[in-house]
file upload.txt (compact mmCIF, C-alpha atoms)
# COMPACT_ATOMS: atom_id res chain seq x y z
CA MET A 617 -22.34 27.86 33.46
CA ASP A 618 -20.64 31.25 33.77
CA GLU A 619 -20.64 33.36 30.63
CA GLN A 620 -17.45 33.05 28.62
CA VAL A 621 -16.00 34.82 25.61
CA TRP A 622 -15.21 32.35 22.83
CA PHE A 623 -12.86 33.03 19.90
CA ILE A 624 -13.41 30.52 17.09
CA THR A 625 -11.36 30.23 13.90
CA GLY A 626 -12.61 28.79 10.63
CA ALA A 627 -16.18 29.84 11.40
CA SER A 628 -17.38 30.43 7.84
CA ARG A 629 -18.49 26.83 7.24
CA GLY A 630 -18.52 23.28 8.53
CA MET A 631 -17.63 22.55 12.12
CA GLY A 632 -16.71 26.15 12.84
CA VAL A 633 -20.30 27.29 12.29
CA GLU A 634 -21.52 24.61 14.70
CA PHE A 635 -19.05 25.71 17.36
CA VAL A 636 -20.31 29.29 17.08
CA LEU A 637 -23.96 28.28 17.34
CA ALA A 638 -23.34 25.90 20.26
CA ALA A 639 -21.48 28.56 22.25
CA LEU A 640 -24.27 31.07 21.59
CA ARG A 641 -26.90 28.52 22.67
CA ALA A 642 -24.98 28.07 25.91
CA GLY A 643 -25.22 31.80 26.60
CA HIS A 644 -21.65 32.77 25.76
CA ARG A 645 -20.34 35.72 23.79
CA VAL A 646 -18.62 34.64 20.61
CA VAL A 647 -16.05 35.97 18.15
CA ALA A 648 -16.52 34.15 14.84
CA THR A 649 -13.57 34.48 12.47
CA GLY A 650 -12.86 33.52 8.87
CA ARG A 651 -10.85 34.70 5.91
CA ASN A 652 -13.93 36.37 4.44
CA ALA A 653 -15.88 38.28 7.08
CA ALA A 654 -18.97 38.62 4.88
CA ALA A 655 -19.10 34.88 4.21
CA THR A 656 -18.62 34.18 7.91
CA ALA A 657 -21.40 36.57 8.90
CA ASN A 658 -23.70 34.96 6.36
CA ALA A 659 -22.91 31.50 7.76
CA VAL A 660 -23.37 32.25 11.46
CA GLY A 661 -26.14 34.86 11.31
CA ASP A 662 -26.66 37.89 13.53
CA HIS A 663 -26.73 38.03 17.32
CA ASP A 664 -26.13 40.68 19.95
CA ARG A 665 -23.53 38.44 21.64
CA LEU A 666 -21.68 37.76 18.37
CA LEU A 667 -18.77 39.57 16.73
CA VAL A 668 -17.60 38.58 13.24
CA VAL A 669 -13.98 39.40 12.40
CA ALA A 670 -11.84 38.72 9.34
CA LEU A 671 -8.87 36.48 10.09
CA ASP A 672 -6.24 34.76 7.99
CA VAL A 673 -4.62 32.36 10.45
CA THR A 674 -1.47 32.14 8.32
CA ASP A 675 -0.79 35.86 8.90
CA GLN A 676 0.42 36.88 12.37
CA GLY A 677 -0.60 40.50 11.82
CA SER A 678 -4.12 39.39 10.93
CA ALA A 679 -4.29 37.26 14.08
CA ASP A 680 -3.07 40.13 16.27
CA ALA A 681 -5.64 42.52 14.78
CA ALA A 682 -8.52 40.04 15.17
CA VAL A 683 -7.66 39.40 18.80
CA GLN A 684 -7.41 43.12 19.52
CA SER A 685 -10.82 43.72 17.94
CA SER A 686 -12.24 40.99 20.15
CA ILE A 687 -10.78 42.47 23.32
CA ASP A 688 -11.97 45.93 22.33
CA ARG A 689 -15.54 44.55 22.04
CA PHE A 690 -15.73 41.98 24.84
CA GLY A 691 -12.80 42.82 27.12
CA ARG A 692 -11.20 39.39 27.15
CA ILE A 693 -11.04 35.93 25.54
CA ASP A 694 -11.74 32.93 27.76
CA VAL A 695 -11.87 30.07 25.24
CA LEU A 696 -9.89 29.84 22.00
CA VAL A 697 -10.99 27.18 19.53
CA ASN A 698 -8.33 26.53 16.88
CA ASN A 699 -10.64 25.04 14.29
CA ALA A 700 -9.53 26.54 10.95
CA GLY A 701 -7.96 23.92 8.73
CA SER A 702 -7.69 22.43 5.28
CA SER A 703 -7.39 18.88 3.99
CA PHE A 704 -4.70 18.30 1.36
CA LYS A 705 -4.99 14.82 -0.13
CA GLY A 706 -2.36 13.01 -2.16
CA TYR A 707 0.59 10.66 -2.00
CA PHE A 708 3.58 12.45 -0.53
CA GLU A 709 5.64 12.43 -3.74
CA GLU A 710 2.73 14.00 -5.60
CA MET A 711 2.44 16.92 -3.19
CA SER A 712 4.42 19.92 -4.36
CA PRO A 713 6.67 21.73 -1.86
CA ALA A 714 4.28 24.69 -2.06
CA GLN A 715 1.35 22.43 -1.11
CA VAL A 716 3.25 20.95 1.82
CA GLU A 717 4.07 24.43 3.08
CA ALA A 718 0.46 25.57 2.64
CA GLN A 719 -0.88 22.58 4.57
CA LEU A 720 1.50 23.15 7.47
CA ALA A 721 0.83 26.91 7.38
CA THR A 722 -2.90 26.42 7.87
CA ASN A 723 -3.09 23.40 10.17
CA LEU A 724 0.01 23.91 12.33
CA LEU A 725 1.44 27.41 12.04
CA GLY A 726 -2.05 28.94 11.90
CA PRO A 727 -3.08 27.73 15.37
CA MET A 728 0.33 28.83 16.66
CA ASN A 729 -0.20 32.34 15.24
CA VAL A 730 -3.63 32.74 16.80
CA THR A 731 -2.60 31.26 20.14
CA ARG A 732 0.44 33.55 20.22
CA ALA A 733 -1.92 36.50 19.86
CA VAL A 734 -4.35 35.30 22.53
CA LEU A 735 -2.01 34.08 25.28
CA PRO A 736 -0.78 37.47 26.59
CA GLN A 737 -4.26 38.51 27.70
CA MET A 738 -4.99 35.02 29.10
CA ARG A 739 -1.80 35.26 31.14
CA ALA A 740 -2.84 38.70 32.37
CA TRP A 741 -6.17 37.28 33.59
CA ARG A 742 -4.47 34.08 34.86
CA THR A 743 -7.19 32.00 33.22
CA GLY A 744 -8.14 30.64 29.82
CA HIS A 745 -8.61 27.54 27.71
CA VAL A 746 -6.99 26.70 24.36
CA ILE A 747 -8.84 24.00 22.40
CA SER A 748 -7.27 22.74 19.19
CA ILE A 749 -9.10 20.52 16.73
CA SER A 750 -6.87 17.67 15.61
CA SER A 751 -7.85 14.46 13.81
CA GLY A 752 -7.74 10.70 14.01
CA ALA A 753 -5.02 11.03 11.35
CA ALA A 754 -2.70 12.40 14.05
CA LEU A 755 -2.97 9.09 15.90
CA VAL A 756 -2.76 6.67 12.98
CA GLY A 757 -1.66 8.06 9.63
CA PHE A 758 -3.76 7.17 6.61
CA GLU A 759 -2.69 6.53 3.04
CA TYR A 760 -3.19 9.55 0.77
CA SER A 761 -3.15 11.87 3.79
CA SER A 762 0.52 11.89 4.77
CA VAL A 763 1.00 15.66 4.70
CA TYR A 764 -2.33 16.24 6.44
CA ALA A 765 -1.35 13.69 9.11
CA ALA A 766 2.00 15.46 9.56
CA SER A 767 0.24 18.77 10.16
CA LYS A 768 -2.10 17.29 12.77
CA ALA A 769 0.62 15.25 14.49
CA GLY A 770 2.70 18.42 14.70
CA LEU A 771 -0.27 20.24 16.19
CA GLU A 772 -0.54 17.60 18.89
CA GLY A 773 3.16 17.69 19.75
CA TRP A 774 2.98 21.46 20.11
CA MET A 775 -0.21 21.38 22.19
CA THR A 776 1.14 18.70 24.53
CA ALA A 777 4.22 20.78 25.31
CA LEU A 778 2.28 24.05 25.39
CA ARG A 779 -0.02 22.63 28.05
CA GLN A 780 2.93 22.31 30.42
CA GLU A 781 4.17 25.81 29.63
CA ILE A 782 0.90 27.63 30.30
CA ALA A 783 -0.52 25.57 33.17
CA PRO A 784 1.22 27.71 35.84
CA PHE A 785 -0.84 30.68 34.60
CA GLY A 786 -4.14 28.87 35.08
CA ILE A 787 -4.54 28.27 31.33
CA HIS A 788 -5.73 24.88 30.10
CA ALA A 789 -5.08 23.17 26.77
CA THR A 790 -7.25 20.46 25.21
CA ILE A 791 -6.73 18.40 22.05
CA VAL A 792 -9.92 17.24 20.34
CA ASN A 793 -9.61 14.29 17.95
CA PRO A 794 -12.73 14.17 15.76
CA GLY A 795 -13.53 11.16 13.67
CA TRP A 796 -15.79 11.31 10.62
CA PHE A 797 -18.36 14.07 11.00
CA ARG A 798 -20.89 15.24 8.46
CA THR A 799 -19.26 18.57 7.65
CA GLY A 800 -17.86 19.89 4.39
CA LEU A 801 -14.37 18.50 5.03
CA ALA A 802 -14.86 15.91 2.28
CA GLY A 803 -16.63 18.37 0.02
CA PRO A 804 -15.21 19.92 -3.15
CA GLU A 805 -14.64 23.25 -1.41
CA SER A 806 -12.33 21.64 1.18
CA LEU A 807 -10.41 18.83 -0.50
CA VAL A 808 -7.17 19.84 -2.25
CA TRP A 809 -5.68 17.37 -4.72
CA PRO A 810 -1.96 16.90 -5.58
CA GLU A 811 -0.26 19.16 -8.11
CA VAL A 812 2.32 16.59 -9.26
CA VAL A 813 1.38 13.61 -11.45
CA ILE A 814 3.50 10.45 -11.12
CA ASP A 815 2.54 7.50 -13.27
CA ASP A 816 3.38 4.93 -10.61
CA TYR A 817 0.71 6.43 -8.36
CA ALA A 818 -1.87 7.29 -11.03
CA GLU A 819 -4.23 4.33 -10.65
CA ARG A 820 -4.21 4.41 -6.87
CA SER A 821 -4.53 8.19 -6.80
CA ALA A 822 -7.60 8.11 -9.03
CA ALA A 823 -9.20 5.48 -6.79
CA GLN A 824 -8.44 7.51 -3.68
CA GLN A 825 -9.97 10.67 -5.14
CA LYS A 826 -13.10 8.78 -6.12
CA TRP A 827 -13.38 7.35 -2.62
CA TRP A 828 -12.92 10.69 -0.87
CA GLN A 829 -15.46 12.42 -3.09
CA ALA A 830 -17.98 9.71 -2.25
CA GLN A 831 -17.69 10.31 1.50
CA ASP A 832 -19.22 13.80 1.52
CA GLY A 833 -22.52 13.72 3.39
CA ARG A 834 -22.15 10.08 4.42
CA GLN A 835 -20.12 10.52 7.62
CA ALA A 836 -21.69 9.07 10.76
CA GLY A 837 -20.85 11.89 13.18
CA ASP A 838 -23.33 14.67 14.02
CA PRO A 839 -21.52 18.07 13.97
CA ARG A 840 -24.04 19.68 16.32
CA LYS A 841 -23.47 16.96 18.93
CA LEU A 842 -19.72 17.46 18.66
CA ALA A 843 -20.09 21.22 19.09
CA ASP A 844 -22.26 20.75 22.17
CA ALA A 845 -19.69 18.30 23.56
CA VAL A 846 -16.89 20.87 23.14
CA VAL A 847 -18.99 23.43 25.03
CA MET A 848 -19.33 20.84 27.80
CA LEU A 849 -15.55 20.30 27.84
CA ALA A 850 -14.96 24.03 28.29
CA ALA A 851 -17.29 24.03 31.32
CA MET A 852 -15.37 21.27 33.12
CA ASP A 853 -12.99 22.14 35.93
CA PRO A 854 -10.45 20.99 35.10
CA PRO A 855 -11.13 20.22 31.43
CA PRO A 856 -9.60 17.08 29.90
CA ASP A 857 -6.24 17.18 28.16
CA ARG A 858 -7.69 15.21 25.25
CA PHE A 859 -11.10 14.22 23.95
CA PHE A 860 -11.80 11.46 21.41
CA ALA A 861 -14.85 12.60 19.46
CA GLY A 862 -16.77 9.81 17.74
CA ARG A 863 -17.00 6.05 17.94
CA ASP A 864 -14.62 5.62 14.99
CA VAL A 865 -11.78 7.68 16.44
CA PHE A 866 -12.41 6.08 19.85
CA GLU A 867 -11.59 2.75 18.19
CA ILE A 868 -8.59 4.28 16.38
CA ALA A 869 -7.18 5.35 19.75
CA GLY A 870 -7.46 1.77 20.94
CA ARG A 871 -5.56 0.59 17.85
CA LYS A 872 -2.82 3.12 18.59
CA ILE A 873 -2.46 1.86 22.14
CA ALA A 874 -2.18 -1.70 20.85
CA GLU A 875 0.46 -0.69 18.29
CA LEU A 876 2.55 1.05 20.95
CA GLN A 877 2.24 -1.91 23.31
CA ALA A 878 3.34 -4.26 20.54
CA ALA A 879 6.41 -2.08 19.89
CA ILE A 880 7.21 -2.06 23.61
CA ASP A 881 6.93 -5.84 23.79
CA ALA A 882 8.89 -6.52 20.58
CA LEU A 883 12.43 -5.57 21.60
CA PRO A 884 12.45 -4.66 25.31
CA GLU A 885 15.99 -5.87 25.96
CA LEU A 886 17.45 -3.94 23.03
CA SER A 887 15.44 -0.82 23.87
CA THR A 888 16.70 -0.76 27.46
CA SER A 889 20.33 -1.70 26.72
CA LEU A 890 21.49 1.60 25.25
CA THR A 891 22.77 3.42 28.33
CA VAL A 892 26.41 4.40 28.67
CA ASP A 893 28.60 1.77 30.34
CA GLU A 894 30.26 3.82 33.05
CA PRO A 895 33.82 2.73 33.96
call {"tool": "encode", "arguments": {"input": "upload.txt", "output": "structure tokens"}}
result
Amino acid sequence: MDEQVWFITGASRGMGVEFVLAALRAGHRVVATGRNAAATANAVGDHDRLLVVALDVTDQGSADAAVQSSIDRFGRIDVLVNNAGSSFKGYFEEMSPAQVEAQLATNLLGPMNVTRAVLPQMRAWRTGHVISISSGAALVGFEYSSVYAASKAGLEGWMTALRQEIAPFGIHATIVNPGWFRTGLAGPESLVWPEVVIDDYAERSAAQQKWWQAQDGRQAGDPRKLADAVVMLAAMDPPPDRFFAGRDVFEIAGRKIAELQAAIDALPELSTSLTVDEP
């Protein structure tokens, strides 16, 4: 595999660390980014092919500066991995407007900010690959994750359209839908609970929080295997438009296909009867 320059967001913990280590194992040069550069450096270690840069994905200026530092060091960016994210949990009515905005800022607007900063140099080189980490929740929304699901579904809508916009420049775009992997996503440092308390939801909300807290460390997916798989995707020519990562999300995708087919079959005559009756 030819050496590439990887730019990875959210590299201070969890899946981001695994992406960094997998790319280094494959012989690539890597830019590892996180809000706290010291914490990121501590998480990924030291390597002569590694650059650690501070990055707040919700700040366009921060994204521009991080990308420029990367180009100054390595000359280009070949693979962007939009991995940084957060997991806000709660029933929609219990999520404050500020929490909704924060969730969308990190999981949707954040990848847009970083990609906006990276694309000009990819266009100049007429090559590149944008990989965005989505979720099974983007395919089939889950109770107590409505705002999170909205952020990931929005990410997918953007990526699907972006793929068509950048393809003429030789730039690829891949959506990765991970299932349950043994990262810190269900840990106390990642889960964000609702700020609003509504009595009607109280019992169910308490049960949901208990369930989520119990999942940490019990997920079936191996993060290292996922990271190695993403490195393999980036080496493919052409790479896939989408990758279902994990047996669980593979099955979720099948459920989504069945749901769509059922909707198609339910009211075909009504669906196809809405054209204008020309005189």
call {"tool": "residues_around", "arguments": {"input": "upload.txt", "residues": "A:Val683", "least_positions_apart": "2", "cutoff": "12 Å", "atoms": "only C-alpha atoms", "output": "NGL selection string"}}
result
:A and (621-625 or 647-649 or 667-673 or 676-681 or 685-694 or 696 or 729-738)
call {"tool": "residues_around", "arguments": {"input": "upload.txt", "residues": "stretch 870-878 of chain A", "least_positions_apart": "2", "cutoff": "12 Å", "atoms": "only C-alpha atoms", "output": "compact mmCIF listing (two decimals) with C-alpha atoms, in the coordinates of the input"}}
result
# COMPACT_ATOMS: atom_id res chain seq x y z
CA GLY A 752 -7.74 10.70 14.01
CA ALA A 753 -5.02 11.03 11.35
CA ALA A 754 -2.70 12.40 14.05
CA LEU A 755 -2.97 9.09 15.90
CA VAL A 756 -2.76 6.67 12.98
CA GLY A 757 -1.66 8.06 9.63
CA PHE A 860 -11.80 11.46 21.41
CA ARG A 863 -17.00 6.05 17.94
CA ASP A 864 -14.62 5.62 14.99
CA VAL A 865 -11.78 7.68 16.44
CA PHE A 866 -12.41 6.08 19.85
CA GLU A 867 -11.59 2.75 18.19
CA ILE A 868 -8.59 4.28 16.38
CA ILE A 880 7.21 -2.06 23.61
CA ASP A 881 6.93 -5.84 23.79
CA ALA A 882 8.89 -6.52 20.58
CA LEU A 883 12.43 -5.57 21.60
CA PRO A 884 12.45 -4.66 25.31
call {"tool": "atom_distance", "arguments": {"input": "upload.txt", "atom1": "atom CA of A:Gly744", "atom2": "atom CA of A:Ile787"}}
result
4.6 Å
call {"tool": "closest_residue", "arguments": {"input": "upload.txt", "among": "A:Phe635, A:Trp827, A:Trp774, A:Tyr817", "to": "A:Phe708", "atoms": "only C-alpha atoms"}}
result
A:Tyr817
call {"tool": "residues_around", "arguments": {"input": "upload.txt", "residues": "A:Asp618", "least_positions_apart": "2", "cutoff": "9 Å", "atoms": "all atoms listed in the file", "output": "PyMOL selection string"}}
result
chain A and resi 620+643-644+851
call {"tool": "write_last_selection", "arguments": {"input": "upload.txt", "atoms": "C-alpha atoms", "output": "compact mmCIF listing (two decimals), in the coordinates of the input"}}
result
# COMPACT_ATOMS: atom_id res chain seq x y z
CA GLN A 620 -17.45 33.05 28.62
CA GLY A 643 -25.22 31.80 26.60
CA HIS A 644 -21.65 32.77 25.76
CA ALA A 851 -17.29 24.03 31.32
call {"tool": "atom_distance", "arguments": {"input": "upload.txt", "atom1": "atom CA of A:Asn658", "atom2": "atom CA of A:Ala642"}}
result
20.8 Å
call {"tool": "residues_near_point", "arguments": {"input": "upload.txt", "point": "(-3.2, 18.8, 25.3)", "cutoff": "6 Å", "atoms": "all atoms listed in the file", "output": "tab-separated table (two decimals) with C-alpha atoms, in the frame of the given file"}}
result
chain	number	residue	atom	x	y	z
A	775	MET	CA	-0.21	21.38	22.19
A	776	THR	CA	1.14	18.70	24.53
A	779	ARG	CA	-0.02	22.63	28.05
A	789	ALA	CA	-5.08	23.17	26.77
A	790	THR	CA	-7.25	20.46	25.21
A	791	ILE	CA	-6.73	18.40	22.05
A	857	ASP	CA	-6.24	17.18	28.16
A	858	ARG	CA	-7.69	15.21	25.25
call {"tool": "residues_around", "arguments": {"input": "upload.txt", "residues": "A:Gly701", "least_positions_apart": "5", "cutoff": "8 Å", "atoms": "only C-alpha atoms", "output": "list in words"}}
result
Gly626, Thr722 and Asn723 of chain A
call {"tool": "closest_residue", "arguments": {"input": "upload.txt", "among": "A:Ala843, A:Ala653, A:Ala879, A:Val808", "to": "A:Pro794", "atoms": "all atoms listed in the file"}}
result
A:Ala843
call {"tool": "closest_residue", "arguments": {"input": "upload.txt", "among": "A:Glu759, A:Gly837, A:Ala765, A:Lys826", "to": "A:Trp796", "atoms": "only C-alpha atoms"}}
result
A:Gly837
call {"tool": "residues_near_point", "arguments": {"input": "upload.txt", "point": "(-13.2, 21.2, 26.3)", "cutoff": "8 Å", "atoms": "only C-alpha atoms", "output": "NGL selection string"}}
result
:A and (745 or 747 or 790 or 792 or 845-852 or 855-856 or 859)
call {"tool": "residues_around", "arguments": {"input": "upload.txt", "residues": "A:Val812", "least_positions_apart": "2", "cutoff": "12 Å", "atoms": "only C-alpha atoms", "output": "list in words"}}
result
Lys705, Gly706, Tyr707, Phe708, Glu709, Glu710, Met711, Ser712, Pro713, Ala714, Gln715, Val716, Trp809, Pro810, Ile814, Asp815, Asp816, Tyr817, Ala818 and Ser821 of chain A
call {"tool": "atom_distance", "arguments": {"input": "upload.txt", "atom1": "atom CA of A:Val746", "atom2": "atom CA of A:Leu720"}}
result
19.2 Å
call {"tool": "closest_residue", "arguments": {"input": "upload.txt", "among": "A:Ser887, A:Gln684, A:Gln835, A:Gln824", "to": "A:Phe758", "atoms": "all atoms listed in the file"}}
result
A:Gln824
